[in-house]
Amino acid sequence: MLIHTPKDWALRESAATPETIYRNRRAFLKTLGLAGTAFAARDLLGATGGFPTKVNAAFRDPALKPTAYDHITSYNNFYEFGTSKEEPVVLANRGWKSEPWTVELAGLINAPQKLDVNDLVAKMGGVEQRVYRHRCVEAWSMVVPWDGFPLAKLVALADPKPEAKFLKMTTFLDPKSAPGQRERNLDYPYVEGLRLDEATNELAFIATGIYGKPIPNQNGAPLRLVTPWKYGFKGVKSIVKFEFVAKQPRGTWEVMQAREYGFYANVNPNVDHPRWTQASEKVIGGGLTRQRTLMFNGYEKQVAGLYQGMNLEKNY
Ligand SMILES: Nc1nc2c(c(=O)[nH]1)N[C@H]1C(S)=C(S)[C@@H](COP(=O)(O)O)O[C@H]1N2
Ligand SMILES: [Mo]
């Protein structure tokens, strides 16, 4: 794996450390007389995603050092826009529009609907910021300050019927805008799924921003799933449909290679990928640093109960 060298397009934020971004935002809010107040983003910026946000201290482990904005937004997996880490930042910003965006709630629910992403965010009560570990199945990791809302709130809005046991989430399909879909480098549209009790776990999150700014196209604008105890490929980007179903859906990577990528995809240092170890991970932005991978990516306390009595080697 190559260490990313910033290109011209990646230098926009290069002067901004995580610290200065926070400080500048605070200064900005102060000039508006809004520091410390909760308010709706659209009134202020007219931006997708409901900004700016409040930090949720319950999801901000002070021991976690957020990865620089530059790395988070220029080292990406988004196969719709290329299979390298560097292509998505260019190819997802060349004509593909993540705005306006309609989201569909469908399936075994009492409140099926199609709504604009901004209306959805408003119904969710705006956005909050959480700092989560992000661990890819390829054995690299970051720490990301995501802005967004708990997936449980969206599930409540959909109001599932008792028969609904799983939530299936689907990415847009637009081969004209997405070169990877034209090349069919995966089976599109990209699909992922969760058990309903996983979807309503307090950690499951829908991100609409990063570092208090609308989420860039290459990170899955305008909204993507974040399940920090699972490998990154579960975090389906640019979602157009949330469908509540009775049967366990098959994810795109599971369809491609079921022996390597399972439905659960819980981060587990004790179960290796068939082609490499999962016991440790490379830290993006951390030079040559590798660190030990933690069970459930460090979220054992919040999620271990979901998998009680399950064989995690068989249910990988
Ligand atoms: N639609 C879609 N979602 C996707 C992917 C993808 O290729 N297409 N890649 C996944 C993988 S493998 C990872 S690690 C994360 C990467 O998210 P990031 O680029 O924001 O770090 O997105 C996931 N979601
Ligand atoms: Mo990944």
# chains A, B, ... in the order shown; residues from 1 in each chain; ligands from 1

$ residues_around --residues "range 265-279 of chain A" --least-positions-apart "5" --cutoff "6 Å" --atoms "only C-alpha atoms" --output "NGL selection string"
:A and (229-231 or 293 or 295-297 or 316)

$ write_last_selection --atoms "N, CA and C atoms" --output "PDB file, in the first residue's frame"
ATOM      1  N   TRP A 229     -17.847  -0.554  14.300  1.00  0.00           N
ATOM      2  CA  TRP A 229     -17.366  -1.845  14.811  1.00  0.00           C
ATOM      3  C   TRP A 229     -17.195  -2.859  13.682  1.00  0.00           C
ATOM      4  N   LYS A 230     -17.571  -2.465  12.459  1.00  0.00           N
ATOM      5  CA  LYS A 230     -17.478  -3.355  11.300  1.00  0.00           C
ATOM      6  C   LYS A 230     -16.430  -2.847  10.323  1.00  0.00           C
ATOM      7  N   TYR A 231     -15.967  -3.742   9.455  1.00  0.00           N
ATOM      8  CA  TYR A 231     -15.036  -3.315   8.413  1.00  0.00           C
ATOM      9  C   TYR A 231     -15.705  -2.279   7.513  1.00  0.00           C
ATOM     10  N   THR A 293      -5.053  -4.303  16.238  1.00  0.00           N
ATOM     11  CA  THR A 293      -6.478  -4.152  15.965  1.00  0.00           C
ATOM     12  C   THR A 293      -7.262  -4.639  17.176  1.00  0.00           C
ATOM     13  N   MET A 295     -10.788  -5.875  19.227  1.00  0.00           N
ATOM     14  CA  MET A 295     -12.037  -6.607  19.008  1.00  0.00           C
ATOM     15  C   MET A 295     -13.173  -5.614  18.782  1.00  0.00           C
ATOM     16  N   PHE A 296     -13.997  -5.869  17.774  1.00  0.00           N
ATOM     17  CA  PHE A 296     -15.083  -4.949  17.395  1.00  0.00           C
ATOM     18  C   PHE A 296     -14.544  -3.512  17.245  1.00  0.00           C
ATOM     19  N   ASN A 297     -13.275  -3.425  16.833  1.00  0.00           N
ATOM     20  CA  ASN A 297     -12.637  -2.129  16.586  1.00  0.00           C
ATOM     21  C   ASN A 297     -12.678  -1.204  17.814  1.00  0.00           C
ATOM     22  N   TYR A 316     -18.347 -14.499  10.011  1.00  0.00           N
ATOM     23  CA  TYR A 316     -17.362 -13.428   9.856  1.00  0.00           C
ATOM     24  C   TYR A 316     -17.918 -12.326   8.975  1.00  0.00           C
TER      25      TYR A 316
END

$ closest_atom_pairs --of "chain A" --to "ligand 1" --cutoff "7 Å" --atoms "only C-alpha atoms and all ligand atoms" --output "CSV"
residue,atom,partner,partner_atom_place_in_ligand_line,distance
A:Ile72,CA,ligand 1,21 (O),6.1
A:Tyr75,CA,ligand 1,19 (O),6.4
A:Asn76,CA,ligand 1,19 (O),3.4
A:Asn77,CA,ligand 1,19 (O),4.4
A:Phe78,CA,ligand 1,7 (O),3.4
A:Tyr79,CA,ligand 1,7 (O),3.8
A:Glu80,CA,ligand 1,8 (N),5.9
A:Arg135,CA,ligand 1,14 (S),6.9
A:Cys136,CA,ligand 1,14 (S),4.3
A:Val137,CA,ligand 1,14 (S),6.8
A:Thr171,CA,ligand 1,1 (N),5.2
A:Tyr190,CA,ligand 1,1 (N),5.0
A:Gln218,CA,ligand 1,19 (O),6.4
A:Asn219,CA,ligand 1,20 (O),3.9
A:Gly220,CA,ligand 1,20 (O),6.5
A:Tyr231,CA,ligand 1,14 (S),6.9
A:Gly232,CA,ligand 1,14 (S),3.7
A:Phe233,CA,ligand 1,11 (C),3.6
A:Lys234,CA,ligand 1,23 (C),6.1
A:Gly235,CA,ligand 1,24 (N),4.6
A:Val236,CA,ligand 1,3 (N),3.9
A:Lys237,CA,ligand 1,3 (N),3.9
A:Ser238,CA,ligand 1,1 (N),6.2

$ select_by_dssp --residues "range 69-239 of chain A" --states "strand (DSSP E)" --output "PDB file with N, CA and C atoms, in the first residue's frame"
ATOM      1  N   THR A 102     -32.610  12.445  -3.657  1.00  0.00           N
ATOM      2  CA  THR A 102     -33.834  11.897  -3.072  1.00  0.00           C
ATOM      3  C   THR A 102     -33.533  10.555  -2.420  1.00  0.00           C
ATOM      4  N   VAL A 103     -34.070  10.374  -1.233  1.00  0.00           N
ATOM      5  CA  VAL A 103     -33.874   9.139  -0.479  1.00  0.00           C
ATOM      6  C   VAL A 103     -35.224   8.437  -0.365  1.00  0.00           C
ATOM      7  N   GLU A 104     -35.204   7.110  -0.550  1.00  0.00           N
ATOM      8  CA  GLU A 104     -36.445   6.348  -0.469  1.00  0.00           C
ATOM      9  C   GLU A 104     -36.440   5.411   0.744  1.00  0.00           C
ATOM     10  N   LEU A 105     -37.535   5.450   1.511  1.00  0.00           N
ATOM     11  CA  LEU A 105     -37.740   4.481   2.589  1.00  0.00           C
ATOM     12  C   LEU A 105     -38.797   3.508   2.083  1.00  0.00           C
ATOM     13  N   ALA A 106     -38.460   2.210   2.077  1.00  0.00           N
ATOM     14  CA  ALA A 106     -39.340   1.258   1.395  1.00  0.00           C
ATOM     15  C   ALA A 106     -39.355  -0.087   2.115  1.00  0.00           C
ATOM     16  N   GLY A 107     -40.218  -0.970   1.644  1.00  0.00           N
ATOM     17  CA  GLY A 107     -40.271  -2.331   2.170  1.00  0.00           C
ATOM     18  C   GLY A 107     -41.324  -2.496   3.252  1.00  0.00           C
ATOM     19  N   GLN A 113     -41.870   6.273   1.982  1.00  0.00           N
ATOM     20  CA  GLN A 113     -41.833   7.650   1.475  1.00  0.00           C
ATOM     21  C   GLN A 113     -40.571   7.902   0.685  1.00  0.00           C
ATOM     22  N   LYS A 114     -40.659   8.934  -0.155  1.00  0.00           N
ATOM     23  CA  LYS A 114     -39.473   9.446  -0.855  1.00  0.00           C
ATOM     24  C   LYS A 114     -39.314  10.871  -0.404  1.00  0.00           C
ATOM     25  N   LEU A 115     -38.108  11.236   0.009  1.00  0.00           N
ATOM     26  CA  LEU A 115     -37.935  12.613   0.459  1.00  0.00           C
ATOM     27  C   LEU A 115     -36.551  13.152   0.118  1.00  0.00           C
ATOM     28  N   ASP A 116     -36.483  14.469   0.029  1.00  0.00           N
ATOM     29  CA  ASP A 116     -35.214  15.138  -0.237  1.00  0.00           C
ATOM     30  C   ASP A 116     -34.294  14.952   0.969  1.00  0.00           C
ATOM     31  N   GLU A 128     -25.223  15.862  14.459  1.00  0.00           N
ATOM     32  CA  GLU A 128     -24.289  15.965  15.580  1.00  0.00           C
ATOM     33  C   GLU A 128     -22.960  15.374  15.124  1.00  0.00           C
ATOM     34  N   GLN A 129     -21.890  15.676  15.852  1.00  0.00           N
ATOM     35  CA  GLN A 129     -20.588  15.128  15.469  1.00  0.00           C
ATOM     36  C   GLN A 129     -20.128  14.034  16.422  1.00  0.00           C
ATOM     37  N   ARG A 130     -19.633  12.958  15.822  1.00  0.00           N
ATOM     38  CA  ARG A 130     -19.068  11.839  16.589  1.00  0.00           C
ATOM     39  C   ARG A 130     -17.709  11.465  16.016  1.00  0.00           C
ATOM     40  N   VAL A 131     -16.779  11.171  16.884  1.00  0.00           N
ATOM     41  CA  VAL A 131     -15.448  10.763  16.431  1.00  0.00           C
ATOM     42  C   VAL A 131     -15.351   9.240  16.554  1.00  0.00           C
ATOM     43  N   TYR A 132     -15.201   8.583  15.406  1.00  0.00           N
ATOM     44  CA  TYR A 132     -15.195   7.122  15.369  1.00  0.00           C
ATOM     45  C   TYR A 132     -13.910   6.590  14.732  1.00  0.00           C
ATOM     46  N   ARG A 133     -13.507   5.419  15.192  1.00  0.00           N
ATOM     47  CA  ARG A 133     -12.466   4.677  14.479  1.00  0.00           C
ATOM     48  C   ARG A 133     -13.048   4.153  13.167  1.00  0.00           C
ATOM     49  N   HIS A 134     -12.211   4.057  12.150  1.00  0.00           N
ATOM     50  CA  HIS A 134     -12.623   3.596  10.815  1.00  0.00           C
ATOM     51  C   HIS A 134     -11.592   2.565  10.364  1.00  0.00           C
ATOM     52  N   ARG A 135     -11.988   1.313  10.244  1.00  0.00           N
ATOM     53  CA  ARG A 135     -11.037   0.214   9.981  1.00  0.00           C
ATOM     54  C   ARG A 135     -11.451  -0.523   8.714  1.00  0.00           C
ATOM     55  N   TRP A 140      -6.027  -1.129   7.086  1.00  0.00           N
ATOM     56  CA  TRP A 140      -5.583   0.241   7.395  1.00  0.00           C
ATOM     57  C   TRP A 140      -6.689   0.899   8.209  1.00  0.00           C
ATOM     58  N   SER A 141      -6.328   1.975   8.922  1.00  0.00           N
ATOM     59  CA  SER A 141      -7.341   2.614   9.760  1.00  0.00           C
ATOM     60  C   SER A 141      -7.140   4.119   9.841  1.00  0.00           C
ATOM     61  N   MET A 142      -8.216   4.789  10.207  1.00  0.00           N
ATOM     62  CA  MET A 142      -8.232   6.236  10.424  1.00  0.00           C
ATOM     63  C   MET A 142      -9.113   6.496  11.641  1.00  0.00           C
ATOM     64  N   VAL A 143      -9.168   7.773  12.033  1.00  0.00           N
ATOM     65  CA  VAL A 143     -10.130   8.234  13.032  1.00  0.00           C
ATOM     66  C   VAL A 143     -10.857   9.418  12.397  1.00  0.00           C
ATOM     67  N   VAL A 144     -12.180   9.310  12.295  1.00  0.00           N
ATOM     68  CA  VAL A 144     -12.931  10.303  11.522  1.00  0.00           C
ATOM     69  C   VAL A 144     -13.968  11.022  12.386  1.00  0.00           C
ATOM     70  N   PRO A 145     -13.947  12.370  12.398  1.00  0.00           N
ATOM     71  CA  PRO A 145     -15.035  13.133  13.012  1.00  0.00           C
ATOM     72  C   PRO A 145     -16.186  13.240  12.015  1.00  0.00           C
ATOM     73  N   TRP A 146     -17.160  12.359  12.171  1.00  0.00           N
ATOM     74  CA  TRP A 146     -18.317  12.345  11.264  1.00  0.00           C
ATOM     75  C   TRP A 146     -19.409  13.266  11.805  1.00  0.00           C
ATOM     76  N   ASP A 147     -20.120  13.927  10.927  1.00  0.00           N
ATOM     77  CA  ASP A 147     -21.339  14.631  11.299  1.00  0.00           C
ATOM     78  C   ASP A 147     -22.505  13.868  10.693  1.00  0.00           C
ATOM     79  N   GLY A 148     -23.593  13.784  11.426  1.00  0.00           N
ATOM     80  CA  GLY A 148     -24.730  13.043  10.901  1.00  0.00           C
ATOM     81  C   GLY A 148     -25.750  12.776  11.981  1.00  0.00           C
ATOM     82  N   PHE A 149     -26.525  11.699  11.795  1.00  0.00           N
ATOM     83  CA  PHE A 149     -27.571  11.375  12.762  1.00  0.00           C
ATOM     84  C   PHE A 149     -27.622   9.861  12.985  1.00  0.00           C
ATOM     85  N   PRO A 150     -28.139   9.432  14.148  1.00  0.00           N
ATOM     86  CA  PRO A 150     -28.207   7.993  14.421  1.00  0.00           C
ATOM     87  C   PRO A 150     -29.153   7.298  13.428  1.00  0.00           C
ATOM     88  N   PHE A 166     -34.319  -7.105   8.640  1.00  0.00           N
ATOM     89  CA  PHE A 166     -33.047  -6.585   8.129  1.00  0.00           C
ATOM     90  C   PHE A 166     -33.284  -5.260   7.412  1.00  0.00           C
ATOM     91  N   LEU A 167     -32.223  -4.467   7.340  1.00  0.00           N
ATOM     92  CA  LEU A 167     -32.253  -3.220   6.584  1.00  0.00           C
ATOM     93  C   LEU A 167     -31.240  -3.329   5.451  1.00  0.00           C
ATOM     94  N   LYS A 168     -31.758  -3.182   4.227  1.00  0.00           N
ATOM     95  CA  LYS A 168     -30.904  -3.243   3.031  1.00  0.00           C
ATOM     96  C   LYS A 168     -30.715  -1.827   2.497  1.00  0.00           C
ATOM     97  N   MET A 169     -29.465  -1.443   2.252  1.00  0.00           N
ATOM     98  CA  MET A 169     -29.186  -0.077   1.787  1.00  0.00           C
ATOM     99  C   MET A 169     -28.483  -0.117   0.442  1.00  0.00           C
ATOM    100  N   THR A 170     -28.928   0.738  -0.460  1.00  0.00           N
ATOM    101  CA  THR A 170     -28.449   0.689  -1.845  1.00  0.00           C
ATOM    102  C   THR A 170     -27.886   2.034  -2.291  1.00  0.00           C
ATOM    103  N   THR A 171     -26.758   1.978  -2.967  1.00  0.00           N
ATOM    104  CA  THR A 171     -26.108   3.159  -3.566  1.00  0.00           C
ATOM    105  C   THR A 171     -26.768   3.483  -4.905  1.00  0.00           C
ATOM    106  N   VAL A 191     -24.631  -2.659  -2.603  1.00  0.00           N
ATOM    107  CA  VAL A 191     -25.660  -2.940  -1.602  1.00  0.00           C
ATOM    108  C   VAL A 191     -25.002  -3.398  -0.313  1.00  0.00           C
ATOM    109  N   GLU A 192     -25.534  -2.987   0.803  1.00  0.00           N
ATOM    110  CA  GLU A 192     -25.117  -3.539   2.089  1.00  0.00           C
ATOM    111  C   GLU A 192     -26.332  -3.717   2.991  1.00  0.00           C
ATOM    112  N   GLY A 193     -26.179  -4.527   4.029  1.00  0.00           N
ATOM    113  CA  GLY A 193     -27.311  -4.780   4.913  1.00  0.00           C
ATOM    114  C   GLY A 193     -26.887  -4.949   6.359  1.00  0.00           C
ATOM    115  N   LEU A 194     -27.841  -4.703   7.240  1.00  0.00           N
ATOM    116  CA  LEU A 194     -27.643  -4.906   8.670  1.00  0.00           C
ATOM    117  C   LEU A 194     -28.858  -5.651   9.215  1.00  0.00           C
ATOM    118  N   ARG A 195     -28.640  -6.410  10.280  1.00  0.00           N
ATOM    119  CA  ARG A 195     -29.770  -6.900  11.058  1.00  0.00           C
ATOM    120  C   ARG A 195     -30.419  -5.678  11.688  1.00  0.00           C
ATOM    121  N   PHE A 205     -24.697   4.905  12.444  1.00  0.00           N
ATOM    122  CA  PHE A 205     -24.762   6.332  12.182  1.00  0.00           C
ATOM    123  C   PHE A 205     -24.878   6.582  10.678  1.00  0.00           C
ATOM    124  N   ILE A 206     -25.616   7.605  10.316  1.00  0.00           N
ATOM    125  CA  ILE A 206     -25.637   8.052   8.920  1.00  0.00           C
ATOM    126  C   ILE A 206     -24.867   9.368   8.859  1.00  0.00           C
ATOM    127  N   ALA A 207     -23.775   9.368   8.115  1.00  0.00           N
ATOM    128  CA  ALA A 207     -22.932  10.568   8.039  1.00  0.00           C
ATOM    129  C   ALA A 207     -23.342  11.432   6.854  1.00  0.00           C
ATOM    130  N   THR A 208     -23.424  12.727   7.137  1.00  0.00           N
ATOM    131  CA  THR A 208     -23.688  13.723   6.090  1.00  0.00           C
ATOM    132  C   THR A 208     -22.564  14.753   6.057  1.00  0.00           C
ATOM    133  N   GLY A 209     -21.570  14.569   6.927  1.00  0.00           N
ATOM    134  CA  GLY A 209     -20.473  15.525   6.972  1.00  0.00           C
ATOM    135  C   GLY A 209     -19.226  14.930   7.589  1.00  0.00           C
ATOM    136  N   ILE A 210     -18.132  15.661   7.451  1.00  0.00           N
ATOM    137  CA  ILE A 210     -16.845  15.318   8.061  1.00  0.00           C
ATOM    138  C   ILE A 210     -16.235  16.618   8.578  1.00  0.00           C
ATOM    139  N   LYS A 213     -18.207  19.867   8.037  1.00  0.00           N
ATOM    140  CA  LYS A 213     -18.481  20.365   6.690  1.00  0.00           C
ATOM    141  C   LYS A 213     -19.227  19.281   5.917  1.00  0.00           C
ATOM    142  N   PRO A 214     -20.051  19.676   4.929  1.00  0.00           N
ATOM    143  CA  PRO A 214     -20.765  18.665   4.150  1.00  0.00           C
ATOM    144  C   PRO A 214     -19.814  17.592   3.623  1.00  0.00           C
ATOM    145  N   ARG A 224     -24.055   8.540   3.916  1.00  0.00           N
ATOM    146  CA  ARG A 224     -23.503   7.185   3.867  1.00  0.00           C
ATOM    147  C   ARG A 224     -23.573   6.566   5.263  1.00  0.00           C
ATOM    148  N   LEU A 225     -23.541   5.232   5.273  1.00  0.00           N
ATOM    149  CA  LEU A 225     -23.601   4.494   6.528  1.00  0.00           C
ATOM    150  C   LEU A 225     -22.241   4.479   7.220  1.00  0.00           C
ATOM    151  N   VAL A 226     -22.239   4.566   8.552  1.00  0.00           N
ATOM    152  CA  VAL A 226     -21.031   4.382   9.350  1.00  0.00           C
ATOM    153  C   VAL A 226     -21.334   3.401  10.484  1.00  0.00           C
ATOM    154  N   ILE A 239     -26.235   6.678  -0.411  1.00  0.00           N
ATOM    155  CA  ILE A 239     -27.402   5.800  -0.345  1.00  0.00           C
ATOM    156  C   ILE A 239     -28.630   6.469  -0.975  1.00  0.00           C
TER     157      ILE A 239
END

$ atom_distance --atom1 "CA of Ser280 in chain A" --atom2 "CA of Leu294 in chain A"
8.4 Å

$ residues_around --residues "Asn315 in chain A" --least-positions-apart "4" --cutoff "8 Å" --atoms "only C-alpha atoms" --output "ChimeraX atom specification"
/A:262-264,310-311

$ select_by_dssp --residues "range 93-294 of chain A" --states "helix (DSSP H, G or I)" --output "PyMOL selection string"
chain A and resi 117-123+151-158+179-183+196-199+217-219+232-234+252-256

$ atom_distance --atom1 "CA of Val121 in chain A" --atom2 "CA of Ala152 in chain A"
13.1 Å

$ residues_around --residues "Glu99 in chain A" --least-positions-apart "3" --cutoff "10 Å" --atoms "only C-alpha atoms" --output "NGL selection string"
:A and (47-48 or 96 or 102 or 116-118 or 217 or 221-222)

$ atom_distance --atom1 "CA of Phe244 in chain A" --atom2 "CA of Trp101 in chain A"
20.2 Å

$ decode --residues "range 121-143 of chain A" --atoms "N, CA and C atoms" --output "PDB file, in the first residue's frame"
ATOM      1  N   VAL A 121     -32.809  15.180   6.841  1.00  0.00           N
ATOM      2  CA  VAL A 121     -31.946  15.670   7.922  1.00  0.00           C
ATOM      3  C   VAL A 121     -32.749  16.530   8.899  1.00  0.00           C
ATOM      4  N   ALA A 122     -33.640  17.365   8.369  1.00  0.00           N
ATOM      5  CA  ALA A 122     -34.480  18.199   9.236  1.00  0.00           C
ATOM      6  C   ALA A 122     -35.362  17.317  10.124  1.00  0.00           C
ATOM      7  N   LYS A 123     -35.934  16.269   9.528  1.00  0.00           N
ATOM      8  CA  LYS A 123     -36.780  15.354  10.315  1.00  0.00           C
ATOM      9  C   LYS A 123     -35.991  14.603  11.373  1.00  0.00           C
ATOM     10  N   MET A 124     -34.701  14.420  11.124  1.00  0.00           N
ATOM     11  CA  MET A 124     -33.828  13.742  12.091  1.00  0.00           C
ATOM     12  C   MET A 124     -33.407  14.684  13.214  1.00  0.00           C
ATOM     13  N   GLY A 125     -33.823  15.954  13.107  1.00  0.00           N
ATOM     14  CA  GLY A 125     -33.473  16.927  14.138  1.00  0.00           C
ATOM     15  C   GLY A 125     -32.088  17.510  13.959  1.00  0.00           C
ATOM     16  N   GLY A 126     -31.605  17.517  12.718  1.00  0.00           N
ATOM     17  CA  GLY A 126     -30.279  18.070  12.451  1.00  0.00           C
ATOM     18  C   GLY A 126     -29.186  17.043  12.677  1.00  0.00           C
ATOM     19  N   VAL A 127     -27.958  17.534  12.734  1.00  0.00           N
ATOM     20  CA  VAL A 127     -26.826  16.610  12.833  1.00  0.00           C
ATOM     21  C   VAL A 127     -25.979  16.886  14.067  1.00  0.00           C
ATOM     22  N   GLU A 128     -25.223  15.862  14.459  1.00  0.00           N
ATOM     23  CA  GLU A 128     -24.289  15.965  15.580  1.00  0.00           C
ATOM     24  C   GLU A 128     -22.960  15.374  15.124  1.00  0.00           C
ATOM     25  N   GLN A 129     -21.890  15.676  15.852  1.00  0.00           N
ATOM     26  CA  GLN A 129     -20.588  15.128  15.469  1.00  0.00           C
ATOM     27  C   GLN A 129     -20.128  14.034  16.422  1.00  0.00           C
ATOM     28  N   ARG A 130     -19.633  12.958  15.822  1.00  0.00           N
ATOM     29  CA  ARG A 130     -19.068  11.839  16.589  1.00  0.00           C
ATOM     30  C   ARG A 130     -17.709  11.465  16.016  1.00  0.00           C
ATOM     31  N   VAL A 131     -16.779  11.171  16.884  1.00  0.00           N
ATOM     32  CA  VAL A 131     -15.448  10.763  16.431  1.00  0.00           C
ATOM     33  C   VAL A 131     -15.351   9.240  16.554  1.00  0.00           C
ATOM     34  N   TYR A 132     -15.201   8.583  15.406  1.00  0.00           N
ATOM     35  CA  TYR A 132     -15.195   7.122  15.369  1.00  0.00           C
ATOM     36  C   TYR A 132     -13.910   6.590  14.732  1.00  0.00           C
ATOM     37  N   ARG A 133     -13.507   5.419  15.192  1.00  0.00           N
ATOM     38  CA  ARG A 133     -12.466   4.677  14.479  1.00  0.00           C
ATOM     39  C   ARG A 133     -13.048   4.153  13.167  1.00  0.00           C
ATOM     40  N   HIS A 134     -12.211   4.057  12.150  1.00  0.00           N
ATOM     41  CA  HIS A 134     -12.623   3.596  10.815  1.00  0.00           C
ATOM     42  C   HIS A 134     -11.592   2.565  10.364  1.00  0.00           C
ATOM     43  N   ARG A 135     -11.988   1.313  10.244  1.00  0.00           N
ATOM     44  CA  ARG A 135     -11.037   0.214   9.981  1.00  0.00           C
ATOM     45  C   ARG A 135     -11.451  -0.523   8.714  1.00  0.00           C
ATOM     46  N   CYS A 136     -10.625  -0.427   7.690  1.00  0.00           N
ATOM     47  CA  CYS A 136     -10.920  -1.128   6.438  1.00  0.00           C
ATOM     48  C   CYS A 136     -10.464  -2.572   6.536  1.00  0.00           C
ATOM     49  N   VAL A 137     -11.151  -3.447   5.821  1.00  0.00           N
ATOM     50  CA  VAL A 137     -10.807  -4.871   5.783  1.00  0.00           C
ATOM     51  C   VAL A 137      -9.401  -5.071   5.201  1.00  0.00           C
ATOM     52  N   GLU A 138      -8.901  -4.060   4.477  1.00  0.00           N
ATOM     53  CA  GLU A 138      -7.550  -4.122   3.912  1.00  0.00           C
ATOM     54  C   GLU A 138      -6.467  -3.841   4.956  1.00  0.00           C
ATOM     55  N   ALA A 139      -6.857  -3.713   6.219  1.00  0.00           N
ATOM     56  CA  ALA A 139      -5.920  -3.541   7.345  1.00  0.00           C
ATOM     57  C   ALA A 139      -5.260  -2.160   7.404  1.00  0.00           C
ATOM     58  N   TRP A 140      -6.027  -1.129   7.086  1.00  0.00           N
ATOM     59  CA  TRP A 140      -5.583   0.241   7.395  1.00  0.00           C
ATOM     60  C   TRP A 140      -6.689   0.899   8.209  1.00  0.00           C
ATOM     61  N   SER A 141      -6.328   1.975   8.922  1.00  0.00           N
ATOM     62  CA  SER A 141      -7.341   2.614   9.760  1.00  0.00           C
ATOM     63  C   SER A 141      -7.140   4.119   9.841  1.00  0.00           C
ATOM     64  N   MET A 142      -8.216   4.789  10.207  1.00  0.00           N
ATOM     65  CA  MET A 142      -8.232   6.236  10.424  1.00  0.00           C
ATOM     66  C   MET A 142      -9.113   6.496  11.641  1.00  0.00           C
ATOM     67  N   VAL A 143      -9.168   7.773  12.033  1.00  0.00           N
ATOM     68  CA  VAL A 143     -10.130   8.234  13.032  1.00  0.00           C
ATOM     69  C   VAL A 143     -10.857   9.418  12.397  1.00  0.00           C
TER      70      VAL A 143
END
